[in-house]
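Text of the file work-v3.pdb, holding PDB, C-alpha atoms and all ligand atoms:
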ATOM      1  CA  MET A  88     -26.869  28.122  23.208  1.00  0.00           C
ATOM      2  CA  ILE A  89     -27.737  26.990  19.707  1.00  0.00           C
ATOM      3  CA  GLU A  90     -31.224  26.718  18.279  1.00  0.00           C
ATOM      4  CA  LEU A  91     -31.773  23.771  15.961  1.00  0.00           C
ATOM      5  CA  PHE A  92     -34.767  24.330  13.702  1.00  0.00           C
ATOM      6  CA  PHE A  93     -36.015  20.817  13.600  1.00  0.00           C
ATOM      7  CA  CYS A  94     -38.312  18.236  12.144  1.00  0.00           C
ATOM      8  CA  THR A  95     -37.722  14.507  12.479  1.00  0.00           C
ATOM      9  CA  SER A  96     -36.176  14.059   9.075  1.00  0.00           C
ATOM     10  CA  VAL A  97     -32.970  12.632   7.752  1.00  0.00           C
ATOM     11  CA  ASN A  98     -30.976  15.765   6.991  1.00  0.00           C
ATOM     12  CA  VAL A  99     -31.920  17.252  10.314  1.00  0.00           C
ATOM     13  CA  TYR A 100     -30.733  14.212  12.270  1.00  0.00           C
ATOM     14  CA  LYS A 101     -27.225  14.858  10.946  1.00  0.00           C
ATOM     15  CA  ILE A 102     -27.128  18.016  13.020  1.00  0.00           C
ATOM     16  CA  ALA A 103     -28.741  16.500  16.100  1.00  0.00           C
ATOM     17  CA  ILE A 104     -25.987  13.870  16.025  1.00  0.00           C
ATOM     18  CA  ALA A 105     -23.303  16.549  15.748  1.00  0.00           C
ATOM     19  CA  MET A 106     -24.793  18.538  18.631  1.00  0.00           C
ATOM     20  CA  GLU A 107     -24.697  15.488  20.880  1.00  0.00           C
ATOM     21  CA  GLU A 108     -21.260  14.303  19.762  1.00  0.00           C
ATOM     22  CA  MET A 109     -19.780  17.783  20.204  1.00  0.00           C
ATOM     23  CA  GLU A 110     -21.504  18.213  23.579  1.00  0.00           C
ATOM     24  CA  LEU A 111     -23.066  21.481  22.517  1.00  0.00           C
ATOM     25  CA  GLU A 112     -25.926  23.117  24.346  1.00  0.00           C
ATOM     26  CA  TYR A 113     -28.849  23.174  21.939  1.00  0.00           C
ATOM     27  CA  GLU A 114     -32.613  23.389  21.837  1.00  0.00           C
ATOM     28  CA  HIS A 115     -34.968  22.013  19.218  1.00  0.00           C
ATOM     29  CA  ARG A 116     -37.242  24.534  17.552  1.00  0.00           C
ATOM     30  CA  LEU A 117     -39.990  22.435  16.013  1.00  0.00           C
ATOM     31  CA  ILE A 118     -41.058  23.269  12.472  1.00  0.00           C
ATOM     32  CA  ASP A 119     -44.070  21.454  11.037  1.00  0.00           C
ATOM     33  CA  ILE A 120     -43.121  20.841   7.420  1.00  0.00           C
ATOM     34  CA  SER A 121     -46.511  19.228   6.755  1.00  0.00           C
ATOM     35  CA  LYS A 122     -48.015  22.697   7.316  1.00  0.00           C
ATOM     36  CA  GLY A 123     -45.379  24.459   5.208  1.00  0.00           C
ATOM     37  CA  GLU A 124     -43.917  26.373   8.156  1.00  0.00           C
ATOM     38  CA  GLN A 125     -40.449  26.007   6.614  1.00  0.00           C
ATOM     39  CA  HIS A 126     -41.406  28.433   3.846  1.00  0.00           C
ATOM     40  CA  ASP A 127     -41.709  31.330   6.264  1.00  0.00           C
ATOM     41  CA  PRO A 128     -38.182  32.742   6.782  1.00  0.00           C
ATOM     42  CA  GLY A 129     -39.518  34.428   9.909  1.00  0.00           C
ATOM     43  CA  ARG A 130     -39.846  31.008  11.507  1.00  0.00           C
ATOM     44  CA  LEU A 131     -36.338  29.954  10.467  1.00  0.00           C
ATOM     45  CA  ALA A 132     -34.346  32.892  11.846  1.00  0.00           C
ATOM     46  CA  GLY A 133     -34.384  34.447   8.379  1.00  0.00           C
ATOM     47  CA  SER A 134     -32.944  31.445   6.537  1.00  0.00           C
ATOM     48  CA  PRO A 135     -33.984  31.895   2.902  1.00  0.00           C
ATOM     49  CA  THR A 136     -34.115  28.351   1.496  1.00  0.00           C
ATOM     50  CA  GLY A 137     -37.296  26.951   3.060  1.00  0.00           C
ATOM     51  CA  LYS A 138     -35.432  23.799   4.121  1.00  0.00           C
ATOM     52  CA  LEU A 139     -34.299  22.243   7.359  1.00  0.00           C
ATOM     53  CA  PRO A 140     -31.905  21.978   9.115  1.00  0.00           C
ATOM     54  CA  VAL A 141     -31.081  25.533  10.124  1.00  0.00           C
ATOM     55  CA  ILE A 142     -29.201  26.611  13.231  1.00  0.00           C
ATOM     56  CA  ARG A 143     -28.850  29.893  15.081  1.00  0.00           C
ATOM     57  CA  ASP A 144     -25.778  30.149  17.288  1.00  0.00           C
ATOM     58  CA  PHE A 145     -26.166  32.695  20.074  1.00  0.00           C
ATOM     59  CA  SER A 146     -22.548  32.384  21.156  1.00  0.00           C
ATOM     60  CA  PRO A 147     -20.454  32.454  17.988  1.00  0.00           C
ATOM     61  CA  ALA A 148     -16.681  32.266  18.202  1.00  0.00           C
ATOM     62  CA  ASP A 149     -16.218  35.965  17.364  1.00  0.00           C
ATOM     63  CA  GLY A 150     -18.529  37.037  20.169  1.00  0.00           C
ATOM     64  CA  GLY A 151     -20.683  39.005  17.728  1.00  0.00           C
ATOM     65  CA  GLU A 152     -24.291  38.814  16.630  1.00  0.00           C
ATOM     66  CA  PRO A 153     -25.951  35.380  16.483  1.00  0.00           C
ATOM     67  CA  VAL A 154     -24.946  33.376  13.406  1.00  0.00           C
ATOM     68  CA  VAL A 155     -27.569  31.629  11.277  1.00  0.00           C
ATOM     69  CA  VAL A 156     -26.425  28.710   9.114  1.00  0.00           C
ATOM     70  CA  PHE A 157     -28.433  26.646   6.626  1.00  0.00           C
ATOM     71  CA  GLU A 158     -27.469  23.542   4.561  1.00  0.00           C
ATOM     72  CA  SER A 159     -26.510  20.486   6.564  1.00  0.00           C
ATOM     73  CA  GLY A 160     -22.966  20.278   5.161  1.00  0.00           C
ATOM     74  CA  ALA A 161     -22.292  23.926   5.989  1.00  0.00           C
ATOM     75  CA  ILE A 162     -23.751  23.468   9.476  1.00  0.00           C
ATOM     76  CA  LEU A 163     -21.606  20.394  10.181  1.00  0.00           C
ATOM     77  CA  THR A 164     -18.493  22.271   9.054  1.00  0.00           C
ATOM     78  CA  TYR A 165     -19.435  25.311  11.120  1.00  0.00           C
ATOM     79  CA  LEU A 166     -19.929  23.211  14.257  1.00  0.00           C
ATOM     80  CA  ALA A 167     -16.704  21.261  13.691  1.00  0.00           C
ATOM     81  CA  ASP A 168     -14.780  24.510  13.295  1.00  0.00           C
ATOM     82  CA  LYS A 169     -16.488  26.010  16.340  1.00  0.00           C
ATOM     83  CA  THR A 170     -15.577  23.094  18.585  1.00  0.00           C
ATOM     84  CA  GLY A 171     -12.337  22.004  16.922  1.00  0.00           C
ATOM     85  CA  ARG A 172     -13.691  18.452  16.866  1.00  0.00           C
ATOM     86  CA  PHE A 173     -14.596  15.783  14.286  1.00  0.00           C
ATOM     87  CA  LEU A 174     -12.784  17.477  11.391  1.00  0.00           C
ATOM     88  CA  PRO A 175      -8.999  17.195  10.978  1.00  0.00           C
ATOM     89  CA  GLN A 176      -7.131  20.425  11.614  1.00  0.00           C
ATOM     90  CA  ASP A 177      -4.394  19.841   9.046  1.00  0.00           C
ATOM     91  CA  ALA A 178      -5.132  21.005   5.479  1.00  0.00           C
ATOM     92  CA  ARG A 179      -4.749  17.600   3.881  1.00  0.00           C
ATOM     93  CA  GLY A 180      -6.941  15.781   6.391  1.00  0.00           C
ATOM     94  CA  ARG A 181      -9.525  18.546   6.310  1.00  0.00           C
ATOM     95  CA  GLN A 182      -9.747  18.458   2.527  1.00  0.00           C
ATOM     96  CA  TYR A 183     -10.103  14.672   2.550  1.00  0.00           C
ATOM     97  CA  ALA A 184     -12.944  14.763   5.089  1.00  0.00           C
ATOM     98  CA  LEU A 185     -14.731  17.633   3.355  1.00  0.00           C
ATOM     99  CA  GLN A 186     -14.728  15.888   0.006  1.00  0.00           C
ATOM    100  CA  TRP A 187     -16.636  12.975   1.580  1.00  0.00           C
ATOM    101  CA  LEU A 188     -19.005  15.384   3.256  1.00  0.00           C
ATOM    102  CA  PHE A 189     -19.634  17.083  -0.096  1.00  0.00           C
ATOM    103  CA  TRP A 190     -20.080  13.663  -1.685  1.00  0.00           C
ATOM    104  CA  GLN A 191     -22.842  12.876   0.778  1.00  0.00           C
ATOM    105  CA  VAL A 192     -24.617  16.187   0.384  1.00  0.00           C
ATOM    106  CA  ALA A 193     -24.375  16.274  -3.424  1.00  0.00           C
ATOM    107  CA  ASN A 194     -24.800  12.579  -4.249  1.00  0.00           C
ATOM    108  CA  LEU A 195     -25.960  10.131  -1.615  1.00  0.00           C
ATOM    109  CA  ARG A 196     -28.568  12.488  -0.236  1.00  0.00           C
ATOM    110  CA  PRO A 197     -30.389  13.740  -3.363  1.00  0.00           C
ATOM    111  CA  LEU A 198     -30.443  10.378  -5.117  1.00  0.00           C
ATOM    112  CA  SER A 199     -31.662   8.606  -1.985  1.00  0.00           C
ATOM    113  CA  GLY A 200     -34.325  11.265  -1.517  1.00  0.00           C
ATOM    114  CA  GLN A 201     -35.614  10.814  -5.065  1.00  0.00           C
ATOM    115  CA  ALA A 202     -35.532   7.013  -4.799  1.00  0.00           C
ATOM    116  CA  TRP A 203     -37.562   7.294  -1.634  1.00  0.00           C
ATOM    117  CA  HIS A 204     -40.013   9.692  -3.260  1.00  0.00           C
ATOM    118  CA  PHE A 205     -40.699   7.499  -6.278  1.00  0.00           C
ATOM    119  CA  HIS A 206     -40.883   4.370  -4.145  1.00  0.00           C
ATOM    120  CA  ALA A 207     -43.017   5.592  -1.254  1.00  0.00           C
ATOM    121  CA  PHE A 208     -44.797   8.787  -2.220  1.00  0.00           C
ATOM    122  CA  ALA A 209     -45.330   8.854  -5.976  1.00  0.00           C
ATOM    123  CA  PRO A 210     -47.633   5.797  -5.931  1.00  0.00           C
ATOM    124  CA  LEU A 211     -49.814   7.597  -3.385  1.00  0.00           C
ATOM    125  CA  ILE A 212     -49.741  10.982  -5.106  1.00  0.00           C
ATOM    126  CA  ALA A 213     -50.108   9.709  -8.675  1.00  0.00           C
ATOM    127  CA  PRO A 214     -51.467   6.151  -8.449  1.00  0.00           C
ATOM    128  CA  ASP A 215     -52.453   6.043 -12.124  1.00  0.00           C
ATOM    129  CA  PHE A 216     -49.064   7.162 -13.347  1.00  0.00           C
ATOM    130  CA  ASP A 217     -46.352   4.649 -14.225  1.00  0.00           C
ATOM    131  CA  ASN A 218     -43.422   5.730 -12.026  1.00  0.00           C
ATOM    132  CA  SER A 219     -41.332   2.658 -12.674  1.00  0.00           C
ATOM    133  CA  TYR A 220     -38.753   4.342 -14.932  1.00  0.00           C
ATOM    134  CA  ALA A 221     -38.017   7.115 -12.425  1.00  0.00           C
ATOM    135  CA  ARG A 222     -38.083   4.734  -9.483  1.00  0.00           C
ATOM    136  CA  ASN A 223     -35.708   2.254 -11.090  1.00  0.00           C
ATOM    137  CA  ARG A 224     -33.376   4.968 -12.284  1.00  0.00           C
ATOM    138  CA  TYR A 225     -33.060   6.599  -8.866  1.00  0.00           C
ATOM    139  CA  PHE A 226     -32.600   3.285  -7.083  1.00  0.00           C
ATOM    140  CA  ALA A 227     -29.901   2.326  -9.583  1.00  0.00           C
ATOM    141  CA  MET A 228     -28.104   5.622  -8.969  1.00  0.00           C
ATOM    142  CA  MET A 229     -28.490   5.268  -5.235  1.00  0.00           C
ATOM    143  CA  ALA A 230     -27.105   1.728  -5.405  1.00  0.00           C
ATOM    144  CA  ASP A 231     -24.051   3.109  -7.226  1.00  0.00           C
ATOM    145  CA  HIS A 232     -23.442   5.398  -4.265  1.00  0.00           C
ATOM    146  CA  TRP A 233     -23.884   2.559  -1.780  1.00  0.00           C
ATOM    147  CA  ARG A 234     -21.216   0.636  -3.673  1.00  0.00           C
ATOM    148  CA  VAL A 235     -18.874   3.622  -3.511  1.00  0.00           C
ATOM    149  CA  LEU A 236     -19.434   3.907   0.229  1.00  0.00           C
ATOM    150  CA  ASP A 237     -19.014   0.179   0.768  1.00  0.00           C
ATOM    151  CA  ARG A 238     -15.652   0.232  -1.035  1.00  0.00           C
ATOM    152  CA  GLN A 239     -14.516   3.221   0.979  1.00  0.00           C
ATOM    153  CA  LEU A 240     -15.488   1.473   4.206  1.00  0.00           C
ATOM    154  CA  ALA A 241     -13.690  -1.694   3.131  1.00  0.00           C
ATOM    155  CA  ALA A 242     -10.451   0.268   3.239  1.00  0.00           C
ATOM    156  CA  ASN A 243     -11.221   2.645   6.111  1.00  0.00           C
ATOM    157  CA  THR A 244     -12.816   2.343   9.528  1.00  0.00           C
ATOM    158  CA  TYR A 245     -14.854   5.498   8.984  1.00  0.00           C
ATOM    159  CA  VAL A 246     -16.085   7.373   5.933  1.00  0.00           C
ATOM    160  CA  ALA A 247     -13.129   9.741   5.779  1.00  0.00           C
ATOM    161  CA  GLY A 248     -10.392   7.547   7.186  1.00  0.00           C
ATOM    162  CA  GLU A 249      -9.480   6.281  10.628  1.00  0.00           C
ATOM    163  CA  SER A 250     -11.221   9.013  12.624  1.00  0.00           C
ATOM    164  CA  TYR A 251     -14.937   9.330  13.182  1.00  0.00           C
ATOM    165  CA  GLY A 252     -16.120  12.699  11.927  1.00  0.00           C
ATOM    166  CA  ILE A 253     -18.705  14.888  10.272  1.00  0.00           C
ATOM    167  CA  ALA A 254     -18.766  12.836   7.043  1.00  0.00           C
ATOM    168  CA  ASP A 255     -19.981   9.866   9.126  1.00  0.00           C
ATOM    169  CA  MET A 256     -22.615  12.033  10.784  1.00  0.00           C
ATOM    170  CA  ALA A 257     -23.825  13.120   7.341  1.00  0.00           C
ATOM    171  CA  CYS A 258     -24.064   9.597   5.910  1.00  0.00           C
ATOM    172  CA  TYR A 259     -25.500   7.667   8.855  1.00  0.00           C
ATOM    173  CA  PRO A 260     -29.104   8.967   8.871  1.00  0.00           C
ATOM    174  CA  TRP A 261     -29.469   8.249   5.153  1.00  0.00           C
ATOM    175  CA  ILE A 262     -28.102   4.719   5.537  1.00  0.00           C
ATOM    176  CA  ILE A 263     -30.284   3.668   8.451  1.00  0.00           C
ATOM    177  CA  TYR A 264     -33.265   5.093   6.644  1.00  0.00           C
ATOM    178  CA  PHE A 265     -32.911   2.403   3.989  1.00  0.00           C
ATOM    179  CA  ASP A 266     -31.198  -0.510   5.653  1.00  0.00           C
ATOM    180  CA  PRO A 267     -33.437  -3.411   6.602  1.00  0.00           C
ATOM    181  CA  ASP A 268     -30.971  -6.014   7.777  1.00  0.00           C
ATOM    182  CA  GLU A 269     -31.780  -8.515   5.092  1.00  0.00           C
ATOM    183  CA  GLY A 270     -30.532  -6.129   2.409  1.00  0.00           C
ATOM    184  CA  MET A 271     -27.248  -5.317   4.095  1.00  0.00           C
ATOM    185  CA  ALA A 272     -25.608  -8.574   3.046  1.00  0.00           C
ATOM    186  CA  ALA A 273     -24.612  -6.947  -0.232  1.00  0.00           C
ATOM    187  CA  PHE A 274     -22.883  -4.142   1.677  1.00  0.00           C
ATOM    188  CA  PRO A 275     -20.939  -5.807   4.500  1.00  0.00           C
ATOM    189  CA  ASN A 276     -18.656  -2.857   5.088  1.00  0.00           C
ATOM    190  CA  ILE A 277     -21.540  -0.416   5.392  1.00  0.00           C
ATOM    191  CA  ARG A 278     -23.145  -2.803   7.863  1.00  0.00           C
ATOM    192  CA  ARG A 279     -19.966  -3.029   9.943  1.00  0.00           C
ATOM    193  CA  TRP A 280     -19.725   0.767  10.010  1.00  0.00           C
ATOM    194  CA  ARG A 281     -23.430   1.216  10.723  1.00  0.00           C
ATOM    195  CA  ASP A 282     -23.186  -1.081  13.766  1.00  0.00           C
ATOM    196  CA  LEU A 283     -20.086   0.739  14.974  1.00  0.00           C
ATOM    197  CA  LEU A 284     -21.884   4.081  14.836  1.00  0.00           C
ATOM    198  CA  ALA A 285     -25.165   2.768  16.235  1.00  0.00           C
ATOM    199  CA  ALA A 286     -23.337   1.844  19.440  1.00  0.00           C
ATOM    200  CA  ARG A 287     -22.237   5.434  20.064  1.00  0.00           C
ATOM    201  CA  PRO A 288     -24.104   6.867  23.080  1.00  0.00           C
ATOM    202  CA  ALA A 289     -24.160  10.400  21.673  1.00  0.00           C
ATOM    203  CA  LEU A 290     -25.648   9.263  18.403  1.00  0.00           C
ATOM    204  CA  ARG A 291     -28.304   7.255  20.194  1.00  0.00           C
ATOM    205  CA  ARG A 292     -29.104  10.275  22.346  1.00  0.00           C
ATOM    206  CA  ALA A 293     -29.746  12.371  19.242  1.00  0.00           C
ATOM    207  CA  TYR A 294     -32.464   9.945  18.129  1.00  0.00           C
ATOM    208  CA  GLU A 295     -33.887   9.434  21.609  1.00  0.00           C
ATOM    209  CA  ARG A 296     -34.245  13.161  22.246  1.00  0.00           C
ATOM    210  CA  ALA A 297     -35.925  13.612  18.865  1.00  0.00           C
ATOM    211  CA  ARG A 298     -38.354  10.742  19.449  1.00  0.00           C
ATOM    212  CA  ALA A 299     -39.273  12.179  22.827  1.00  0.00           C
ATOM    213  CA  LEU A 300     -40.475  15.339  21.060  1.00  0.00           C
ATOM    214  CA  LYS A 301     -43.307  13.316  19.514  1.00  0.00           C
ATOM    215  CA  THR A 302     -43.498  15.418  16.400  1.00  0.00           C
ATOM    216  CA  GLY A 303     -45.786  12.911  14.716  1.00  0.00           C
ATOM    217  CA  TYR A 304     -43.374  12.495  11.817  1.00  0.00           C
ATOM    218  CA  ALA A 305     -41.729   9.338  13.067  1.00  0.00           C
ATOM    219  CA  MET A 306     -38.565   8.186  11.454  1.00  0.00           C
ATOM    220  CA  ASN A 307     -35.878   6.119  13.069  1.00  0.00           C
ATOM    221  CA  GLU A 308     -33.912   2.941  12.667  1.00  0.00           C
ATOM    222  CA  LYS A 309     -36.905   0.692  13.203  1.00  0.00           C
ATOM    223  CA  ASP A 310     -39.882   2.549  11.770  1.00  0.00           C
ATOM    224  CA  MET A 311     -38.976   2.629   8.122  1.00  0.00           C
ATOM    225  CA  THR A 312     -37.714  -0.008   5.750  1.00  0.00           C
ATOM    226  CA  LEU A 313     -37.966   1.525   2.334  1.00  0.00           C
ATOM    227  CA  PHE A 314     -35.218  -0.044   0.306  1.00  0.00           C
ATOM    228  CA  PRO A 315     -36.714  -2.648  -2.066  1.00  0.00           C
ATOM    229  CA  TRP A 316     -33.743  -4.958  -1.810  1.00  0.00           C
ATOM    230  CA  GLU A 317     -35.379  -7.700  -3.773  1.00  0.00           C
ATOM    231  CA  GLY A 318     -35.278  -5.481  -6.861  1.00  0.00           C
ATOM    232  CA  ILE A 319     -31.826  -4.073  -6.501  1.00  0.00           C
ATOM    233  CA  GLU A 320     -30.081  -6.293  -9.034  1.00  0.00           C
ATOM    234  CA  ARG A 321     -32.681  -5.442 -11.640  1.00  0.00           C
ATOM    235  CA  ASN A 322     -32.557  -1.765 -10.709  1.00  0.00           C
ATOM    236  CA  MET A 323     -28.803  -1.680 -11.085  1.00  0.00           C
ATOM    237  CA  ILE A 324     -29.079  -2.725 -14.696  1.00  0.00           C
ATOM    238  CA  VAL A 325     -31.311   0.193 -15.666  1.00  0.00           C
ATOM    239  CA  THR A 326     -28.683   2.967 -15.906  1.00  0.00           C
TER     240      THR A 326
HETATM  241  N1  LIG B   1     -29.474  20.283   0.917  1.00  0.00           N
HETATM  242  C1  LIG B   1     -30.249  20.481   2.108  1.00  0.00           C
HETATM  243  C2  LIG B   1     -31.497  19.614   2.026  1.00  0.00           C
HETATM  244  C3  LIG B   1     -32.455  19.969   3.115  1.00  0.00           C
HETATM  245  C4  LIG B   1     -33.803  19.275   2.966  1.00  0.00           C
HETATM  246  O1  LIG B   1     -34.183  18.812   1.895  1.00  0.00           O
HETATM  247  N2  LIG B   1     -34.526  19.237   4.083  1.00  0.00           N
HETATM  248  C5  LIG B   1     -35.850  18.666   4.109  1.00  0.00           C
HETATM  249  C6  LIG B   1     -36.025  17.864   5.370  1.00  0.00           C
HETATM  250  S1  LIG B   1     -34.913  16.475   5.377  1.00  0.00           S
HETATM  251  C7  LIG B   1     -36.870  19.779   4.112  1.00  0.00           C
HETATM  252  O2  LIG B   1     -36.650  20.814   4.687  1.00  0.00           O
HETATM  253  N3  LIG B   1     -38.004  19.549   3.459  1.00  0.00           N
HETATM  254  C8  LIG B   1     -39.089  20.474   3.444  1.00  0.00           C
HETATM  255  C9  LIG B   1     -39.451  20.931   2.070  1.00  0.00           C
HETATM  256  O3  LIG B   1     -38.797  20.505   1.088  1.00  0.00           O
HETATM  257  O4  LIG B   1     -40.386  21.709   1.963  1.00  0.00           O
HETATM  258  C10 LIG B   1     -29.417  20.133   3.343  1.00  0.00           C
HETATM  259  O5  LIG B   1     -28.568  19.242   3.246  1.00  0.00           O
HETATM  260  O6  LIG B   1     -29.603  20.763   4.392  1.00  0.00           O
END

Could you show the structure in this file as structure tokens?
Amino acid sequence: MIELFFCTSVNVYKIAIAMEEMELEYEHRLIDISKGEQHDPGRLAGSPTGKLPVIRDFSPADGGEPVVVFESGAILTYLADKTGRFLPQDARGRQYALQWLFWQVANLRPLSGQAWHFHAFAPLIAPDFDNSYARNRYFAMMADHWRVLDRQLAANTYVAGESYGIADMACYPWIIYFDPDEGMAAFPNIRRWRDLLAARPALRRAYERARALKTGYAMNEKDMTLFPWEGIERNMIVT
């Protein structure tokens, strides 16, 4: 059994998707990030970073002590190696898939997170402060990454080639977080890929199981439309 230290948030959904796709036995361990519970390593099986997701695997491949893993990219790789699924076994294919996984974790994720912050939260936290420079800059940088992904998906069925894998699982939650349909016209290949993934029963199960937990921190395909598409052309010019 694997514990998934969980809140309904984008990075954490990556791992819920992997658990379902890999048919792993897992249990959610709810962490209330609004109360700061993530900052207590005692609540996260000793994980030191104060961030979710974290997993604890009680049946690791070597049969030894439970293994704790933090960082979504490291967790996805760990689970793919554990199951032998969703990551090519050959060195060349593995390297190709991992570079897209690293791209998501190091680029798409942080820029999208900052864009979201300056769009949705900064006006509430600092209403008298002009956030427009930061907001435009992060949306412009995020849009650059969407263009990269759209080009990659023009030439490939999935993010890392012709096989669905952990790079797709890493990207999907961040794409649906921002993708009101009207804005997707500029990214037809992302839309095609998004629809392909959205039809996967395991992926849908990951979201359904999370929603059923009723954590009060709702986030799913329909609840949030945060991407200000109408401003994207202007935003792109800022960088
Ligand atoms: N690089 C980390 C990012 C993790 C992250 O930022 N998690 C958010 C939830 S999506 C979190 O734990 N936020 C709580 C906080 O920052 O206090 C990963 O990919 O796992």

Next on the checklist: Under the rule that all atoms listed in the file are counted, which of A:Trp261, A:Phe145, A:Phe274, A:Tyr225 is the nearest residue to Val192 of chain A?
Outcome noted: A:Trp261

Checklist entry - What gap, in Å, lies between atom CA of Pro147 of chain A and atom CA of Lys169 of chain A? => result 7.7 Å

Next on the checklist: One number please: atom CA of Ile162 of chain A to atom O6 of ligand LIG 1 (chain B), in Å, one decimal.
Outcome noted: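 Atom-to-atom, atom CA of Ile162 of chain A and atom O6 of ligand LIG 1 (chain B) are spaced 8.2 Å apart.
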
Checklist entry - Given the file above and the PyMOL selection byres (((chain A and resi 143) around 10) and not hetatm), which residues are selected, and can you give them as number ranges by chain? => result A: 88-92, 113, 131-134, 141-142, 144-147, 153-157, 162

Do you have, as a tab-separated table, the list of residues of chain A lying at most 9 Å from ligand LIG 1 (chain B), each with its nearest atom pair and that distance in Å to one decimal, counting all atoms listed in the file and ordered by chain then number?
residue	atom	partner	partner_atom	distance
A:Phe93	CA	B:LIG1	C6	8.7
A:Cys94	CA	B:LIG1	C6	7.2
A:Thr95	CA	B:LIG1	S1	7.9
A:Ser96	CA	B:LIG1	S1	4.6
A:Val97	CA	B:LIG1	S1	4.9
A:Asn98	CA	B:LIG1	S1	4.3
A:Val99	CA	B:LIG1	S1	5.8
A:Tyr100	CA	B:LIG1	S1	8.4
A:Lys101	CA	B:LIG1	O5	9.0
A:Ile120	CA	B:LIG1	C8	5.7
A:Ser121	CA	B:LIG1	O4	8.2
A:Gly123	CA	B:LIG1	O4	6.6
A:Glu124	CA	B:LIG1	O4	8.5
A:Gln125	CA	B:LIG1	O4	6.3
A:His126	CA	B:LIG1	O4	7.1
A:Thr136	CA	B:LIG1	O2	8.6
A:Gly137	CA	B:LIG1	O4	6.2
A:Lys138	CA	B:LIG1	O2	3.3
A:Leu139	CA	B:LIG1	O2	3.8
A:Pro140	CA	B:LIG1	O6	5.4
A:Val141	CA	B:LIG1	O6	7.6
A:Phe157	CA	B:LIG1	O6	6.4
A:Glu158	CA	B:LIG1	O6	3.5
A:Ser159	CA	B:LIG1	O6	3.8
A:Gly160	CA	B:LIG1	O5	6.0
A:Ala161	CA	B:LIG1	O6	8.1
A:Ile162	CA	B:LIG1	O6	8.2
A:Gln191	CA	B:LIG1	O5	8.9
A:Val192	CA	B:LIG1	O5	5.8
A:Ala193	CA	B:LIG1	N1	7.8
A:Arg196	CA	B:LIG1	O5	7.6
A:Pro197	CA	B:LIG1	N1	7.9
A:Gly200	CA	B:LIG1	O1	8.3
A:Ala257	CA	B:LIG1	O5	8.8

Next on the checklist: For the provided coordinates, the residues matched by the PyMOL selection byres (((chain A and resi 172-188) around 8) and not hetatm) should be stated as an MDAnalysis selection string.
Outcome noted: chainID A and resid 109 160 164 167:168 170:171 189:192 246:248 250:254 257

Checklist entry - In Å, with one decimal, what is the gap from atom CA of Ile104 of chain A to atom CA of Leu163 of chain A? => result 9.8 Å

Item to check | Output of the PyMOL selection byres (((chain A and resi 276-288) around 10) and not hetatm), listed as a PyMOL selection string | outcome: chain A and resi 107-108+233-234+236-246+251+255-256+258-260+262-263+266+268+270-275+289-293+308

Item to check | Residue among A:Asp119, A:Glu249, A:Gly150, A:Phe265 lying closest to Ser199 of chain A, counting only C-alpha atoms | outcome: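 Residue with the minimum atom-to-atom distance to Ser199 of chain A: A:Phe265.
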
Next on the checklist: From the options A:Ala148, A:Ala207, A:Leu117, A:Leu300, which residue's atoms come nearest to Arg222 of chain A, counting all atoms listed in the file?
Outcome noted: A:Ala207

Once 3 Å is added on each side, what centre and edge lengths in Å to one decimal does the axis-aligned box around all listed atoms of segment 91-107 of chain A have, as JSON?
{"center_x": -30.8, "center_y": 18.5, "center_z": 13.9, "size_x": 21.0, "size_y": 17.7, "size_z": 19.9}

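Comparing A:His115, A:Glu110, A:Asp217, A:Ile102 by their smallest distance to Arg296 of chain A, the closest is A:His115 (using only C-alpha atoms).
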
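Counting only C-alpha atoms, the residue from A:Leu195, A:Val235, A:Met106, A:Ala297 that sits nearest to Leu166 of chain A is A:Met106.
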